[in-house]
>>> print(open('my_file28.cif').read())   # mmCIF, C-alpha atoms
data_my_file
#
loop_
_atom_site.group_PDB
_atom_site.id
_atom_site.type_symbol
_atom_site.label_atom_id
_atom_site.label_comp_id
_atom_site.auth_asym_id
_atom_site.auth_seq_id
_atom_site.Cartn_x
_atom_site.Cartn_y
_atom_site.Cartn_z
ATOM 1 C CA MET U 209 -6.877 20.176 8.378
ATOM 2 C CA ALA U 210 -7.424 16.591 9.410
ATOM 3 C CA THR U 211 -5.229 13.840 8.029
ATOM 4 C CA LYS U 212 -4.841 13.809 4.286
ATOM 5 C CA ALA U 213 -2.835 11.814 1.775
ATOM 6 C CA THR U 214 -2.308 12.846 -1.818
ATOM 7 C CA ILE U 215 -0.890 10.552 -4.469
ATOM 8 C CA SER U 216 0.477 11.498 -7.873
ATOM 9 C CA ILE U 217 1.516 8.845 -10.359
ATOM 10 C CA SER U 218 3.053 9.655 -13.712
ATOM 11 C CA SER U 219 4.226 7.176 -16.302
ATOM 12 C CA ASP U 220 5.291 7.101 -19.929
ATOM 13 C CA ILE U 221 4.715 3.356 -20.316
ATOM 14 C CA ALA U 222 1.507 3.955 -22.270
ATOM 15 C CA SER U 223 1.158 7.116 -24.312
ATOM 16 C CA GLY U 224 -2.501 7.519 -23.413
ATOM 17 C CA PHE U 225 -2.004 7.337 -19.679
ATOM 18 C CA GLY U 226 -2.621 10.779 -18.283
ATOM 19 C CA GLY U 227 -1.450 10.055 -14.787
ATOM 20 C CA ILE U 228 -3.212 9.798 -11.465
ATOM 21 C CA SER U 229 -3.640 12.512 -8.880
ATOM 22 C CA GLU U 230 -5.933 11.784 -5.965
ATOM 23 C CA GLU U 231 -6.380 12.993 -2.420
ATOM 24 C CA MET U 232 -8.040 11.183 0.439
ATOM 25 C CA THR U 233 -9.004 12.382 3.868
ATOM 26 C CA LEU U 234 -8.523 9.650 6.427
ATOM 27 C CA THR U 235 -11.843 9.180 8.172
ATOM 28 C CA GLN U 236 -13.338 6.775 10.626
ATOM 29 C CA ALA U 237 -15.057 3.753 9.121
ATOM 30 C CA GLY U 238 -18.291 4.508 7.329
ATOM 31 C CA THR U 239 -18.390 8.150 8.389
ATOM 32 C CA LEU U 240 -17.071 11.572 7.399
ATOM 33 C CA THR U 241 -15.522 12.003 10.855
ATOM 34 C CA ASP U 242 -11.758 12.468 10.833
ATOM 35 C CA ILE U 243 -9.650 9.569 11.989
ATOM 36 C CA ASP U 244 -8.494 10.306 15.522
ATOM 37 C CA SER U 245 -5.512 8.190 16.561
ATOM 38 C CA THR U 246 -1.982 7.624 15.358
ATOM 39 C CA THR U 247 1.140 5.822 16.420
ATOM 40 C CA GLY U 248 3.067 8.947 15.490
ATOM 41 C CA PHE U 249 5.960 8.908 13.087
ATOM 42 C CA GLN U 250 8.511 6.208 13.841
ATOM 43 C CA ILE U 251 11.698 4.851 12.356
ATOM 44 C CA ARG U 252 13.238 1.425 12.712
ATOM 45 C CA LYS U 253 16.818 0.559 11.807
ATOM 46 C CA LEU U 254 17.186 -2.992 10.551
ATOM 47 C CA ALA U 255 20.508 -4.789 10.150
ATOM 48 C CA ALA U 256 19.656 -8.448 9.704
ATOM 49 C CA ALA U 257 17.853 -10.444 7.047
ATOM 50 C CA SER U 258 15.183 -11.649 9.425
ATOM 51 C CA GLU U 259 11.556 -10.780 10.021
ATOM 52 C CA VAL U 260 10.672 -8.217 12.672
ATOM 53 C CA ASP U 261 7.427 -6.558 13.687
ATOM 54 C CA LEU U 262 7.105 -2.918 12.775
ATOM 55 C CA ILE U 263 3.789 -2.886 14.576
ATOM 56 C CA THR U 264 2.687 -5.566 17.024
ATOM 57 C CA MET U 265 -1.031 -4.943 17.200
ATOM 58 C CA ALA U 266 -1.558 -6.544 20.604
ATOM 59 C CA ASN U 267 1.138 -4.327 22.118
ATOM 60 C CA GLU U 268 -0.244 -0.964 21.085
ATOM 61 C CA LEU U 269 -0.710 1.274 24.120
ATOM 62 C CA VAL U 270 -4.148 2.166 22.852
ATOM 63 C CA GLU U 271 -6.036 -0.812 21.469
ATOM 64 C CA PRO U 272 -7.010 -0.182 17.844
ATOM 65 C CA GLU U 273 -10.575 -0.951 16.845
ATOM 66 C CA ASP U 274 -10.560 -4.011 14.610
ATOM 67 C CA SER U 275 -11.600 -4.023 10.966
ATOM 68 C CA GLN U 276 -12.219 -0.314 10.587
ATOM 69 C CA ALA U 277 -10.506 2.260 8.378
ATOM 70 C CA ALA U 278 -6.902 2.105 9.620
ATOM 71 C CA LYS U 279 -4.080 2.999 7.236
ATOM 72 C CA ILE U 280 -0.330 2.735 7.368
ATOM 73 C CA PHE U 281 2.363 4.621 5.484
ATOM 74 C CA ILE U 282 5.764 2.924 5.213
ATOM 75 C CA ARG U 283 8.897 4.063 3.418
ATOM 76 C CA ASN U 284 12.359 2.581 2.899
ATOM 77 C CA ILE U 285 14.702 5.527 3.406
ATOM 78 C CA GLY U 286 17.981 3.646 3.063
ATOM 79 C CA TYR U 287 20.739 4.400 5.507
ATOM 80 C CA ARG U 288 22.783 7.557 5.990
ATOM 81 C CA ASP U 289 21.619 9.110 2.737
ATOM 82 C CA VAL U 290 22.478 5.984 0.756
ATOM 83 C CA ILE U 291 19.354 4.675 -0.959
ATOM 84 C CA ASP U 292 19.899 1.408 -2.780
ATOM 85 C CA LYS U 293 17.102 0.693 -5.226
ATOM 86 C CA SER U 294 18.474 -2.756 -6.016
ATOM 87 C CA VAL U 295 17.712 -4.291 -2.608
ATOM 88 C CA GLY U 296 14.588 -4.111 -0.552
ATOM 89 C CA VAL U 297 12.589 -4.935 2.525
ATOM 90 C CA THR U 298 9.565 -7.209 2.269
ATOM 91 C CA ILE U 299 6.578 -5.827 4.113
ATOM 92 C CA GLY U 300 4.030 -8.311 5.392
ATOM 93 C CA VAL U 301 0.841 -8.607 7.376
ATOM 94 C CA ASN U 302 0.613 -11.549 9.752
ATOM 95 C CA SER U 303 3.751 -12.842 7.981
ATOM 96 C CA GLU U 304 1.970 -12.848 4.624
ATOM 97 C CA PRO U 305 4.295 -11.019 2.208
ATOM 98 C CA ILE U 306 2.639 -8.010 0.612
ATOM 99 C CA GLY U 307 5.569 -6.815 -1.439
ATOM 100 C CA LYS U 308 9.082 -5.469 -1.321
ATOM 101 C CA LEU U 309 9.968 -1.830 -0.747
ATOM 102 C CA TYR U 310 13.201 -1.101 -2.567
ATOM 103 C CA GLY U 311 15.294 1.876 -1.574
ATOM 104 C CA GLY U 312 13.169 5.027 -1.694
ATOM 105 C CA ASP U 313 9.935 3.128 -2.280
ATOM 106 C CA TRP U 314 6.882 3.881 -0.174
ATOM 107 C CA MET U 315 3.478 2.355 0.369
ATOM 108 C CA MET U 316 0.132 3.292 1.839
ATOM 109 C CA MET U 317 -2.286 0.501 2.656
ATOM 110 C CA PRO U 318 -5.316 -0.221 4.801
ATOM 111 C CA LEU U 319 -4.993 -2.455 7.855
ATOM 112 C CA THR U 320 -7.397 -4.620 9.808
ATOM 113 C CA THR U 321 -5.456 -3.893 13.071
ATOM 114 C CA ILE U 322 -6.619 -7.295 14.338
ATOM 115 C CA ASP U 323 -4.179 -8.530 16.990
ATOM 116 C CA ALA U 324 -2.789 -11.317 14.789
ATOM 117 C CA ASP U 325 -2.262 -8.987 11.839
ATOM 118 C CA ASP U 326 1.086 -7.536 12.853
ATOM 119 C CA VAL U 327 2.936 -5.497 10.258
ATOM 120 C CA THR U 328 6.281 -7.132 9.550
ATOM 121 C CA ALA U 329 9.474 -6.182 7.745
ATOM 122 C CA THR U 330 12.087 -8.559 6.365
ATOM 123 C CA PRO U 331 15.232 -7.035 4.823
ATOM 124 C CA GLU U 332 16.648 -8.791 1.780
ATOM 125 C CA THR U 333 20.181 -8.523 3.141
ATOM 126 C CA ALA U 334 21.915 -7.793 6.438
ATOM 127 C CA ASP U 335 22.970 -4.353 5.220
ATOM 128 C CA THR U 336 21.596 -1.631 7.446
ATOM 129 C CA VAL U 337 18.377 -0.067 6.231
ATOM 130 C CA VAL U 338 15.953 2.316 7.898
ATOM 131 C CA ILE U 339 12.184 2.063 7.606
ATOM 132 C CA GLU U 340 9.933 4.952 8.572
ATOM 133 C CA TYR U 341 6.244 4.446 9.216
ATOM 134 C CA VAL U 342 3.123 5.880 10.742
ATOM 135 C CA MET U 343 -0.224 4.205 11.390
ATOM 136 C CA PHE U 344 -3.576 5.965 11.681
ATOM 137 C CA TYR U 345 -6.429 4.125 13.353
ATOM 138 C CA GLU U 346 -9.517 4.283 15.545
ATOM 139 C CA GLU U 347 -9.459 3.551 19.233
ATOM 140 C CA ALA U 348 -11.384 0.523 20.455
ATOM 141 C CA MET Q 30 13.799 3.375 -20.182
ATOM 142 C CA ALA Q 31 10.198 3.756 -19.238
ATOM 143 C CA THR Q 32 9.752 5.979 -16.226
ATOM 144 C CA THR Q 33 7.003 5.642 -13.655
ATOM 145 C CA THR Q 34 7.050 7.942 -10.659
ATOM 146 C CA ALA Q 35 4.838 7.743 -7.595
ATOM 147 C CA ALA Q 36 4.729 10.635 -5.157
ATOM 148 C CA VAL Q 37 2.834 11.072 -1.928
ATOM 149 C CA THR Q 38 2.175 13.922 0.463
ATOM 150 C CA LEU Q 39 0.870 13.053 3.901
ATOM 151 C CA THR Q 40 -0.276 15.711 6.347
ATOM 152 C CA SER Q 41 -1.921 15.440 9.741
ATOM 153 C CA ASP Q 42 -2.802 17.718 12.617
ATOM 154 C CA LEU Q 43 -3.402 14.899 15.111
ATOM 155 C CA LEU Q 44 -0.104 15.712 16.785
ATOM 156 C CA SER Q 45 0.617 19.128 18.245
ATOM 157 C CA ASP Q 46 3.516 19.501 15.850
ATOM 158 C CA ASN Q 47 1.743 19.070 12.550
ATOM 159 C CA MET Q 48 3.110 16.265 10.435
ATOM 160 C CA SER Q 49 3.963 16.737 6.787
ATOM 161 C CA VAL Q 50 5.710 14.057 4.800
ATOM 162 C CA SER Q 51 6.524 14.056 1.120
ATOM 163 C CA ALA Q 52 8.085 11.183 -0.755
ATOM 164 C CA SER Q 53 8.648 10.289 -4.376
ATOM 165 C CA THR Q 54 10.002 7.140 -5.923
ATOM 166 C CA THR Q 55 10.834 5.985 -9.409
ATOM 167 C CA CYS Q 56 9.505 2.477 -9.844
ATOM 168 C CA MET Q 57 12.323 0.207 -10.987
ATOM 169 C CA LYS Q 58 12.398 -3.444 -11.995
ATOM 170 C CA ALA Q 59 13.375 -5.828 -9.210
ATOM 171 C CA GLY Q 60 17.020 -5.667 -8.297
ATOM 172 C CA THR Q 61 17.934 -2.940 -10.762
ATOM 173 C CA THR Q 62 18.939 0.685 -10.450
ATOM 174 C CA ALA Q 63 18.580 1.760 -14.060
ATOM 175 C CA ASP Q 64 15.702 -0.173 -15.604
ATOM 176 C CA GLY Q 65 12.183 1.047 -14.914
ATOM 177 C CA LEU Q 66 8.945 -0.923 -14.865
ATOM 178 C CA ASP Q 67 7.761 -1.092 -18.443
ATOM 179 C CA GLN Q 68 4.310 -2.668 -18.501
ATOM 180 C CA MET Q 69 0.995 -1.657 -17.000
ATOM 181 C CA GLU Q 70 -2.665 -2.551 -16.612
ATOM 182 C CA TYR Q 71 -5.152 0.210 -15.889
ATOM 183 C CA GLY Q 72 -8.851 -0.158 -15.360
ATOM 184 C CA TYR Q 73 -12.091 0.947 -13.777
ATOM 185 C CA VAL Q 74 -14.743 -1.536 -12.693
ATOM 186 C CA ASP Q 75 -18.025 -1.650 -10.848
ATOM 187 C CA ILE Q 76 -17.939 -4.371 -8.208
ATOM 188 C CA ALA Q 77 -21.308 -5.621 -7.034
ATOM 189 C CA SER Q 78 -21.738 -6.207 -3.344
ATOM 190 C CA GLY Q 79 -21.044 -9.581 -1.850
ATOM 191 C CA THR Q 80 -18.816 -11.488 -4.242
ATOM 192 C CA ALA Q 81 -15.027 -11.742 -4.115
ATOM 193 C CA TYR Q 82 -13.128 -10.852 -7.280
ATOM 194 C CA ASP Q 83 -9.467 -10.830 -8.265
ATOM 195 C CA ILE Q 84 -8.696 -7.241 -9.196
ATOM 196 C CA ILE Q 85 -5.909 -8.241 -11.570
ATOM 197 C CA GLY Q 86 -6.793 -10.435 -14.536
ATOM 198 C CA ASN Q 87 -3.372 -11.748 -15.489
ATOM 199 C CA THR Q 88 -0.984 -12.728 -12.737
ATOM 200 C CA PRO Q 89 2.222 -10.701 -12.881
ATOM 201 C CA THR Q 90 5.512 -12.531 -12.716
ATOM 202 C CA ALA Q 91 6.130 -13.594 -9.144
ATOM 203 C CA SER Q 92 8.452 -11.824 -6.742
ATOM 204 C CA LYS Q 93 9.164 -8.835 -8.927
ATOM 205 C CA ALA Q 94 8.751 -5.144 -8.181
ATOM 206 C CA SER Q 95 5.137 -4.652 -9.247
ATOM 207 C CA LYS Q 96 3.273 -1.689 -7.800
ATOM 208 C CA LEU Q 97 -0.499 -1.655 -7.388
ATOM 209 C CA TYR Q 98 -2.749 1.369 -6.960
ATOM 210 C CA VAL Q 99 -6.413 0.920 -6.049
ATOM 211 C CA LYS Q 100 -8.962 3.632 -5.362
ATOM 212 C CA ASN Q 101 -12.549 3.274 -4.233
ATOM 213 C CA HIS Q 102 -14.440 5.995 -6.097
ATOM 214 C CA SER Q 103 -17.736 5.266 -4.364
ATOM 215 C CA THR Q 104 -19.282 8.511 -3.144
ATOM 216 C CA ASP Q 105 -21.142 6.866 -0.270
ATOM 217 C CA GLU Q 106 -18.776 6.803 2.702
ATOM 218 C CA THR Q 107 -20.410 3.665 4.081
ATOM 219 C CA TYR Q 108 -19.456 1.608 1.039
ATOM 220 C CA TYR Q 109 -16.183 -0.250 1.197
ATOM 221 C CA ILE Q 110 -14.129 -3.020 -0.339
ATOM 222 C CA SER Q 111 -12.260 -5.594 1.706
ATOM 223 C CA VAL Q 112 -8.788 -6.314 0.369
ATOM 224 C CA VAL Q 113 -7.440 -9.847 0.781
ATOM 225 C CA LEU Q 114 -4.104 -11.291 -0.307
ATOM 226 C CA ASP Q 115 -3.570 -15.041 -0.245
ATOM 227 C CA ALA Q 116 -6.430 -15.500 2.245
ATOM 228 C CA GLN Q 117 -4.938 -12.830 4.524
ATOM 229 C CA ALA Q 118 -7.248 -9.884 5.129
ATOM 230 C CA ILE Q 119 -5.313 -6.659 4.636
ATOM 231 C CA GLY Q 120 -7.923 -3.997 5.321
ATOM 232 C CA ARG Q 121 -10.789 -1.946 3.961
ATOM 233 C CA LEU Q 122 -10.940 0.866 1.445
ATOM 234 C CA TYR Q 123 -13.996 3.034 2.085
ATOM 235 C CA GLY Q 124 -15.458 5.389 -0.486
ATOM 236 C CA GLY Q 125 -12.733 7.908 -1.340
ATOM 237 C CA ASP Q 126 -9.860 5.806 0.017
ATOM 238 C CA TRP Q 127 -6.890 4.673 -2.054
ATOM 239 C CA MET Q 128 -3.906 2.426 -1.505
ATOM 240 C CA PHE Q 129 -0.535 2.030 -3.189
ATOM 241 C CA ILE Q 130 1.470 -1.085 -2.424
ATOM 242 C CA PRO Q 131 4.332 -3.149 -3.741
ATOM 243 C CA ALA Q 132 2.784 -6.451 -4.788
ATOM 244 C CA ASN Q 133 5.079 -9.376 -5.404
ATOM 245 C CA PHE Q 134 2.431 -11.981 -6.335
ATOM 246 C CA HIS Q 135 4.725 -14.553 -4.795
ATOM 247 C CA ASP Q 136 2.625 -17.581 -5.649
ATOM 248 C CA ALA Q 137 -0.500 -18.621 -7.497
ATOM 249 C CA ASN Q 138 -2.668 -17.784 -4.508
ATOM 250 C CA ALA Q 139 -1.298 -14.282 -4.042
ATOM 251 C CA ASP Q 140 -3.756 -12.486 -6.286
ATOM 252 C CA VAL Q 141 -5.263 -9.339 -4.837
ATOM 253 C CA GLU Q 142 -8.881 -10.123 -4.061
ATOM 254 C CA ILE Q 143 -11.552 -7.543 -3.279
ATOM 255 C CA THR Q 144 -15.080 -7.892 -1.963
ATOM 256 C CA ALA Q 145 -17.550 -5.006 -2.047
ATOM 257 C CA THR Q 146 -19.907 -4.161 0.798
ATOM 258 C CA GLY Q 147 -22.774 -1.693 1.007
ATOM 259 C CA GLY Q 148 -23.622 -1.614 -2.673
ATOM 260 C CA THR Q 149 -21.897 -1.472 -6.033
ATOM 261 C CA ASN Q 150 -18.433 0.006 -5.465
ATOM 262 C CA LYS Q 151 -16.617 1.870 -8.233
ATOM 263 C CA ILE Q 152 -12.989 0.810 -8.316
ATOM 264 C CA GLU Q 153 -10.057 2.270 -10.226
ATOM 265 C CA TYR Q 154 -6.855 0.273 -10.351
ATOM 266 C CA ALA Q 155 -3.450 0.519 -11.950
ATOM 267 C CA LEU Q 156 -0.767 -2.132 -11.917
ATOM 268 C CA PHE Q 157 2.776 -1.287 -12.986
ATOM 269 C CA HIS Q 158 4.868 -4.398 -13.554
ATOM 270 C CA GLU Q 159 7.549 -6.123 -15.591
ATOM 271 C CA GLY Q 160 5.646 -9.034 -17.121
ATOM 272 C CA THR Q 161 2.622 -11.259 -16.663
ATOM 273 C CA VAL Q 162 1.811 -14.888 -17.171
ATOM 274 C CA LEU Q 163 -0.369 -14.557 -20.230
ATOM 275 C CA VAL Q 164 -3.174 -17.011 -20.815
ATOM 276 C CA ALA Q 165 -3.029 -18.733 -24.187
ATOM 277 C CA SER Q 166 -6.191 -18.392 -26.294
#
>>> encode(input="my_file28.cif", output="structure tokens")
Amino acid sequence: MATKATISISSDIASGFGGISEEMTLTQAGTLTDIDSTTGFQIRKLAAASEVDLITMANELVEPEDSQAAKIFIRNIGYRDVIDKSVGVTIGVNSEPIGKLYGGDWMMMPLTTIDADDVTATPETADTVVIEYVMFYEEA
Amino acid sequence: MATTTAAVTLTSDLLSDNMSVSASTTCMKAGTTADGLDQMEYGYVDIASGTAYDIIGNTPTASKASKLYVKNHSTDETYYISVVLDAQAIGRLYGGDWMFIPANFHDANADVEITATGGTNKIEYALFHEGTVLVAS
């Protein structure tokens, strides 16, 4: 079965846009071999408008191999079934803002897993919000 | 209201209890609960190896709720693009890989830059946004 991610995007912004539906199998860099390591699924409850590490690369129990085919999935799941789409959490890499996940939003992106390139989260407000995430990577 | 929906299913058997996650979100304008993203840019380009390019031609309005999808359609699994944002390396998309991120384009340097390696990479991209800084002719 391996590790697979399927995306489906639909939109009525442009009448000619037929949507996107794509699947990828997460593999090791430059090969067809399945990716073999994961942090496992984690959640983090945030209750302050300050930056925290979701993943501190240098602190991983198993050192990820740098600059390979790592991926991370992150989702803002709100708090206690309340999902507020008007406020969000800015996700960053090495403190560089990537973008803001509003309530219910999710993202899937590649990572370098270099020690300095920690994955960070900065809530817009001090209201409690829960972030769930899982990283897939190769062992060094 | 324009409606754009992005759904994902993620499955893995790396753990003994197989993981299966499904999520779907309606892409709204920044700070709103009832007004969806209403503009988009959709393209497919061949990127020759070795040179860095900005994947998005017109810079979307900063700090909004833009969403960016990029897929590397290269069939050679050794080909990849490096994704860089504001001089910060994000990661690599190998042939067959895709990414979907919120992109806030927070300043003039925050374009999404890609560099191809291995050969000419075939890249599909879609940006859903709420306005761009258009360049006067």
>>> resolve_selection(input="my_file28.cif", expression="the PyMOL selection byres ((chain Q and resi 116) around 9)", output="PyMOL selection string")
chain Q and resi 113-115+117-118+138-139+142
>>> resolve_selection(input="my_file28.cif", expression="the PyMOL selection byres ((chain Q and resi 57) around 12)", output="JSON, numbers by chain")
{"U": [219, 292, 293, 294, 295, 296, 308, 309, 310, 311, 312, 313], "Q": [30, 31, 32, 33, 34, 35, 54, 55, 56, 58, 59, 60, 61, 62, 63, 64, 65, 66, 67, 68, 93, 94, 95, 96, 131, 157, 158, 159]}
>>> resolve_selection(input="my_file28.cif", expression="the PyMOL selection byres ((chain U) within 8 of (chain Q))", output="MDAnalysis selection string")
chainID U and resid 209:222 232:234 237:240 244:246 248 275:278 292:295 301:302 304:309 312:320
>>> closest_residue(input="my_file28.cif", among="U:Ala348, U:Thr247, U:Gly300, U:Gly226", to="U:Glu259", atoms="all atoms listed in the file")
U:Gly300
>>> atom_distance(input="my_file28.cif", atom1="atom CA of Q:Lys151", atom2="atom CA of Q:His102")
5.1 Å
>>> build_atoms(input="my_file28.cif", residues="stretch 209-237 of chain U", atoms="N, CA and C atoms", output="PDB file, in the frame of the given file")
ATOM      1  N   MET U 209      -7.797  20.742   9.363  1.00  0.00           N
ATOM      2  CA  MET U 209      -6.877  20.176   8.378  1.00  0.00           C
ATOM      3  C   MET U 209      -7.014  18.668   8.289  1.00  0.00           C
ATOM      4  N   ALA U 210      -7.234  18.039   9.436  1.00  0.00           N
ATOM      5  CA  ALA U 210      -7.424  16.591   9.410  1.00  0.00           C
ATOM      6  C   ALA U 210      -6.160  15.855   8.961  1.00  0.00           C
ATOM      7  N   THR U 211      -6.347  14.637   8.537  1.00  0.00           N
ATOM      8  CA  THR U 211      -5.229  13.840   8.029  1.00  0.00           C
ATOM      9  C   THR U 211      -5.525  13.533   6.577  1.00  0.00           C
ATOM     10  N   LYS U 212      -4.611  13.947   5.721  1.00  0.00           N
ATOM     11  CA  LYS U 212      -4.841  13.809   4.286  1.00  0.00           C
ATOM     12  C   LYS U 212      -3.635  13.178   3.617  1.00  0.00           C
ATOM     13  N   ALA U 213      -3.906  12.418   2.567  1.00  0.00           N
ATOM     14  CA  ALA U 213      -2.835  11.814   1.775  1.00  0.00           C
ATOM     15  C   ALA U 213      -3.144  12.052   0.305  1.00  0.00           C
ATOM     16  N   THR U 214      -2.159  12.561  -0.390  1.00  0.00           N
ATOM     17  CA  THR U 214      -2.308  12.846  -1.818  1.00  0.00           C
ATOM     18  C   THR U 214      -1.301  12.015  -2.591  1.00  0.00           C
ATOM     19  N   ILE U 215      -1.776  11.353  -3.630  1.00  0.00           N
ATOM     20  CA  ILE U 215      -0.890  10.552  -4.469  1.00  0.00           C
ATOM     21  C   ILE U 215      -0.866  11.117  -5.875  1.00  0.00           C
ATOM     22  N   SER U 216       0.310  11.103  -6.470  1.00  0.00           N
ATOM     23  CA  SER U 216       0.477  11.498  -7.873  1.00  0.00           C
ATOM     24  C   SER U 216       1.329  10.436  -8.553  1.00  0.00           C
ATOM     25  N   ILE U 217       0.779   9.854  -9.598  1.00  0.00           N
ATOM     26  CA  ILE U 217       1.516   8.845 -10.359  1.00  0.00           C
ATOM     27  C   ILE U 217       1.633   9.324 -11.798  1.00  0.00           C
ATOM     28  N   SER U 218       2.831   9.338 -12.300  1.00  0.00           N
ATOM     29  CA  SER U 218       3.053   9.655 -13.712  1.00  0.00           C
ATOM     30  C   SER U 218       3.822   8.506 -14.342  1.00  0.00           C
ATOM     31  N   SER U 219       3.549   8.267 -15.619  1.00  0.00           N
ATOM     32  CA  SER U 219       4.226   7.176 -16.302  1.00  0.00           C
ATOM     33  C   SER U 219       4.191   7.402 -17.802  1.00  0.00           C
ATOM     34  N   ASP U 220       5.268   7.026 -18.471  1.00  0.00           N
ATOM     35  CA  ASP U 220       5.291   7.101 -19.929  1.00  0.00           C
ATOM     36  C   ASP U 220       5.252   5.708 -20.560  1.00  0.00           C
ATOM     37  N   ILE U 221       4.822   4.712 -19.767  1.00  0.00           N
ATOM     38  CA  ILE U 221       4.715   3.356 -20.316  1.00  0.00           C
ATOM     39  C   ILE U 221       3.709   3.335 -21.470  1.00  0.00           C
ATOM     40  N   ALA U 222       2.547   3.907 -21.235  1.00  0.00           N
ATOM     41  CA  ALA U 222       1.507   3.955 -22.270  1.00  0.00           C
ATOM     42  C   ALA U 222       1.248   5.420 -22.615  1.00  0.00           C
ATOM     43  N   SER U 223       1.251   5.714 -23.900  1.00  0.00           N
ATOM     44  CA  SER U 223       1.158   7.116 -24.312  1.00  0.00           C
ATOM     45  C   SER U 223      -0.162   7.756 -23.897  1.00  0.00           C
ATOM     46  N   GLY U 224      -1.198   6.960 -23.760  1.00  0.00           N
ATOM     47  CA  GLY U 224      -2.501   7.519 -23.413  1.00  0.00           C
ATOM     48  C   GLY U 224      -2.760   7.666 -21.922  1.00  0.00           C
ATOM     49  N   PHE U 225      -1.808   7.266 -21.132  1.00  0.00           N
ATOM     50  CA  PHE U 225      -2.004   7.337 -19.679  1.00  0.00           C
ATOM     51  C   PHE U 225      -1.726   8.757 -19.200  1.00  0.00           C
ATOM     52  N   GLY U 226      -2.754   9.381 -18.680  1.00  0.00           N
ATOM     53  CA  GLY U 226      -2.621  10.779 -18.283  1.00  0.00           C
ATOM     54  C   GLY U 226      -2.175  10.999 -16.858  1.00  0.00           C
ATOM     55  N   GLY U 227      -1.891   9.923 -16.166  1.00  0.00           N
ATOM     56  CA  GLY U 227      -1.450  10.055 -14.787  1.00  0.00           C
ATOM     57  C   GLY U 227      -2.606   9.995 -13.804  1.00  0.00           C
ATOM     58  N   ILE U 228      -2.236   9.894 -12.543  1.00  0.00           N
ATOM     59  CA  ILE U 228      -3.212   9.798 -11.465  1.00  0.00           C
ATOM     60  C   ILE U 228      -2.860  10.830 -10.417  1.00  0.00           C
ATOM     61  N   SER U 229      -3.845  11.561  -9.962  1.00  0.00           N
ATOM     62  CA  SER U 229      -3.640  12.512  -8.880  1.00  0.00           C
ATOM     63  C   SER U 229      -4.893  12.486  -8.015  1.00  0.00           C
ATOM     64  N   GLU U 230      -4.764  11.951  -6.831  1.00  0.00           N
ATOM     65  CA  GLU U 230      -5.933  11.784  -5.965  1.00  0.00           C
ATOM     66  C   GLU U 230      -5.576  12.131  -4.523  1.00  0.00           C
ATOM     67  N   GLU U 231      -6.558  12.681  -3.835  1.00  0.00           N
ATOM     68  CA  GLU U 231      -6.380  12.993  -2.420  1.00  0.00           C
ATOM     69  C   GLU U 231      -7.426  12.227  -1.619  1.00  0.00           C
ATOM     70  N   MET U 232      -7.037  11.749  -0.466  1.00  0.00           N
ATOM     71  CA  MET U 232      -8.040  11.183   0.439  1.00  0.00           C
ATOM     72  C   MET U 232      -7.870  11.794   1.819  1.00  0.00           C
ATOM     73  N   THR U 233      -9.005  11.991   2.467  1.00  0.00           N
ATOM     74  CA  THR U 233      -9.004  12.382   3.868  1.00  0.00           C
ATOM     75  C   THR U 233      -9.252  11.134   4.689  1.00  0.00           C
ATOM     76  N   LEU U 234      -8.372  10.860   5.620  1.00  0.00           N
ATOM     77  CA  LEU U 234      -8.523   9.650   6.427  1.00  0.00           C
ATOM     78  C   LEU U 234      -9.638   9.860   7.444  1.00  0.00           C
ATOM     79  N   THR U 235     -10.673   9.053   7.303  1.00  0.00           N
ATOM     80  CA  THR U 235     -11.843   9.180   8.172  1.00  0.00           C
ATOM     81  C   THR U 235     -12.101   7.880   8.913  1.00  0.00           C
ATOM     82  N   GLN U 236     -12.944   7.980   9.915  1.00  0.00           N
ATOM     83  CA  GLN U 236     -13.338   6.775  10.626  1.00  0.00           C
ATOM     84  C   GLN U 236     -14.291   5.963   9.746  1.00  0.00           C
ATOM     85  N   ALA U 237     -14.338   4.668   9.992  1.00  0.00           N
ATOM     86  CA  ALA U 237     -15.057   3.753   9.121  1.00  0.00           C
ATOM     87  C   ALA U 237     -16.511   4.149   8.922  1.00  0.00           C
TER      88      ALA U 237
END
